[in-house]
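Let me begin by presenting the structure, written as structure tokens, before commenting on it.
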Amino acid sequence: MELKKRLLATLAVVCVMAGLLYVGVSGITVGDEGFQELFDTKETIYFWYSDASLSDYINSAAVAFGEERDARVIPVLISDSAYLEAVNEASLHSEQIPDVFIISNDSLEKAYLAGLASRVTDTGNLCTTEHFPQTALSAVTYKDKLIAYPFYYETSAFLYNKTYLEAWTAEQLAAQEAGDGEEEDGEDLPEAEEGEEIVGEINLEITPEQIAAGIPSTMDEVLAFADNYDAPENVDVLRWDVSDIFYNYYYVGNYMIVGGESGDDETLIDIYNDETKQCLEVYQRLNQFFFIESDTVTYDSVVQDFIDGKLVFTVATTDVLKRLEAAKEEGAFEYEYGIALIPRPSAELRGRSLSVTNCVAVNGYSTHKDLANEFAAFLTGSYYERLYERTGKASANLAANPENENLAVFMQEYQNSQSLPKLIETSNFWIQLEILFSRVWEGGDVDSLLLELSEQIVSQIQ
């Protein structure tokens with residue numbers, strides 16, 4: 001805005017030269033209308049983001065908002081690895097301040113203390129549990145202040161091969177029928193219609209409810225399934241990326257407290273407790289049944305194994321849905337699949353997934369905060385319907401994707417999840433926790449490892 005005012009105040013020839021320079025630097029090709037825009041006095045804000053997969057979506061949102069509000073939103077893709085530092089540098093030294101930008105919730109404390117994230121106005125009363133789950137609202141809250149708008153989230157859920165489960169369910173039902181003495185002679189057997197399985201000499205209609213009943217709800221049930229399931233050749237019952245804390249945190253998430261629900265309270269630290277120890281012991285015992293080499297397994301390799309039909313169950317994040325859809329279109333994935341809640345550590349112990357919420361913050365240095373707030377609210381509260389379809393990102397808005405059953409399960413998991421904490425003092429917590437899980441998986445002493453982690457984090461806070 002200020003740059004354009006100065007352009008208008010200069011001589012016409014200088015304005016033209018400035019326009020040519022702008023075109024050359026930005027790579028934008030403009031005609032007469034493009035040059036006219038240089039003299040346009042519409043209020044303008046700059047929107048920063050760092051994920052290139054959002055580009056088309058953000059550009060279309062900017063156009064839609066600009067037409068509705070008679071303003072201009074200029075998206076700026078920043079690939080700098082030090083993203084927040086780049087936002088800060090531009091805010092202090094650039095004439096094109098990033099008025100509004102996407103940021104991960106765990107960086108909000110740093111952004112707020114640096115003056116980069118300001119308290120949102122939320123004049124439309126968007127940030128309520130009517131529109132977002134409490135998890136999302138807690139993620140964008142710092143010291144009881146809303147300092148961003150929830151945009152999209154990532155969390156993990158239980159991915160299963162529906163084709164395998166359907167066949168296994170049919171076998172179980174067939175065994176029950178055979179046990180009742182109801183046997184056929186096998187002649188002139190009817191062909192199975194859609195939704196039916198013929199197992200042995202019994203024609204069974206397998207319902208979605210029956211398949212759902214076969215999905216384990218606890219890790220004990222997973223182990224029981226593994227004992228009873230006659231797996232096809234080269235098929236494992238369960239494998240997941242045990243090297244990544246994002247897929248392991250579930251085991252301790254309900255009892256390990258770091259910063260409280262909003263992840264911003266340094267007085268709420270409870271890492272070393274009986275429930276957390278019990279959950280880690282459950283996790284450690286799983287290595288006796290599902291031997292997974294933590295130094296070789298990766299999330300990509302696990303997903304590829306699932307696509308190849310080598311797994312019945314795994315733990316995956318929302319991105320897996322687009323990957324499976326693409327594999328189906330290419331003919332590389334020939335199975336049906338489903339998403340369920342991750343089985344509890346045990347009947348007595350609850351789990352809680354880890355989640356990260358990417359949100360839209362209004363820069364405290366912006367001179368267009370009202371317009372920036374309006375665009376942030378527009379992007380997260382109005383322009384969310386095609387977010388997943390166009391980007392693969394799962395909107396944090398409760399009204400998004402009402403017909404997508406798999407995303408609905410991810411949303412359930414997200415609603416029960418624990419967000420990454422914002423505390424700067426615990427920024428290394430996840431690296432240390434990942435090391436702990438690795439050592440526990442390899443048979444390390446749970447009690448001593450957990451106590452060591454607790455003492456280290458508490459010492460950093462004090």
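Residues are named by chain letter and number: chains run A, B, ... in the order of the structure tokens, numbers start at 1 in each chain, and ligands are numbered from 1 in the order shown.
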Selection: 10 Å around Lys322 of chain A, only C-alpha atoms, excl. self and same-chain fewer than 2 positions, as a ChimeraX atom specification: /A:318-320,324-328,388-389,391-393
Between segment 349-377 of chain A and segment 85-104 of chain A, at 8 Å or less, what are the per-residue closest atom pairs and their distances in Å? Count only C-alpha atoms, order by chain and rising residue number, and return it as a Markdown table.
| residue | atom | partner | partner_atom | distance |
| --- | --- | --- | --- | --- |
| A:Val356 | CA | A:Ser104 | CA | 6.9 |
| A:Thr357 | CA | A:Ser104 | CA | 6.0 |
| A:Asn358 | CA | A:Ser104 | CA | 4.4 |
| A:Cys359 | CA | A:Ile103 | CA | 5.5 |
| A:Val360 | CA | A:Ile102 | CA | 4.5 |
| A:Ala361 | CA | A:Phe101 | CA | 5.5 |
| A:Val362 | CA | A:Val100 | CA | 4.5 |
| A:Asn363 | CA | A:Asp99 | CA | 5.1 |
| A:Tyr365 | CA | A:Ser91 | CA | 6.3 |
| A:Ser366 | CA | A:Asp99 | CA | 4.9 |
| A:Thr367 | CA | A:Asp99 | CA | 7.7 |
| A:His368 | CA | A:Asp99 | CA | 6.9 |
| A:Lys369 | CA | A:Asp99 | CA | 7.1 |
| A:Ala372 | CA | A:Val100 | CA | 5.8 |
| A:Asn373 | CA | A:Val100 | CA | 7.9 |
| A:Ala376 | CA | A:Val100 | CA | 7.3 |
Where in segment 114-356 of chain A does DSSP assign strand (DSSP E or B), given as a VMD selection string? chain A and resid 141 to 142 145 to 146 149 to 154 156 to 161 196 to 199 202 to 205 218 236 to 238 257 to 258 269 to 270 311 to 317 337 to 340 344 354 to 356
Quote the spacing between atom CA of Glu374 of chain A and atom CA of Asn59 of chain A in Å to one decimal place.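 Value for the atom CA of Glu374 of chain A-atom CA of Asn59 of chain A distance: 16.1 Å.
Once Thr163 of chain A and its same-chain neighbours fewer than 6 positions away are set aside, Tyr335, Glu336 and Tyr337 of chain A remain within 7 Å of it when counting only C-alpha atoms.
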For the residues in the current selection, export N, CA and C atoms as an mmCIF file, in the first residue's frame.
data_model
loop_
_atom_site.group_PDB
_atom_site.id
_atom_site.type_symbol
_atom_site.label_atom_id
_atom_site.label_comp_id
_atom_site.auth_asym_id
_atom_site.auth_seq_id
_atom_site.Cartn_x
_atom_site.Cartn_y
_atom_site.Cartn_z
ATOM 1 N N TYR A 335 -6.943 -53.299 -3.598
ATOM 2 C CA TYR A 335 -7.706 -53.669 -2.405
ATOM 3 C C TYR A 335 -8.651 -52.541 -1.991
ATOM 4 N N GLU A 336 -9.619 -52.900 -1.164
ATOM 5 C CA GLU A 336 -10.439 -51.893 -0.497
ATOM 6 C C GLU A 336 -9.806 -51.614 0.868
ATOM 7 N N TYR A 337 -10.015 -50.435 1.390
ATOM 8 C CA TYR A 337 -9.393 -50.072 2.655
ATOM 9 C C TYR A 337 -10.359 -49.260 3.504
#
Spatial neighbours of Leu450 of chain A, max dist 12 Å, only C-alpha atoms, sep filter under 3 positions, as a ChimeraX atom specification: /A:252,256,270-281,432-437,439-440,444-447,453-457
Nearest candidate to Ala167 of chain A (options A:Asp230, A:Glu348, A:Asp241, A:Asp51; using only C-alpha atoms):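 Looking at the shortest contact to Ala167 of chain A, the residue is A:Asp230.
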Write out as a PyMOL selection string the residues lying within 9 Å of Glu385 of chain A, counting only C-alpha atoms and excluding same-chain residues fewer than 4 positions away. chain A and resi 389+395+399-401
Please extract the residues of segment 222-434 of chain A with a backbone DSSP assignment of alpha helix (DSSP H) and present them as an MDAnalysis selection string. chainID A and resid 222:228 245:248 274:286 299:307 319:330 369:381 387:391 405:415 429:434
In Å, with one decimal, what is the gap from atom CA of Ile307 of chain A to atom CA of Glu334 of chain A?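 Separation between atom CA of Ile307 of chain A and atom CA of Glu334 of chain A: 8.1 Å.
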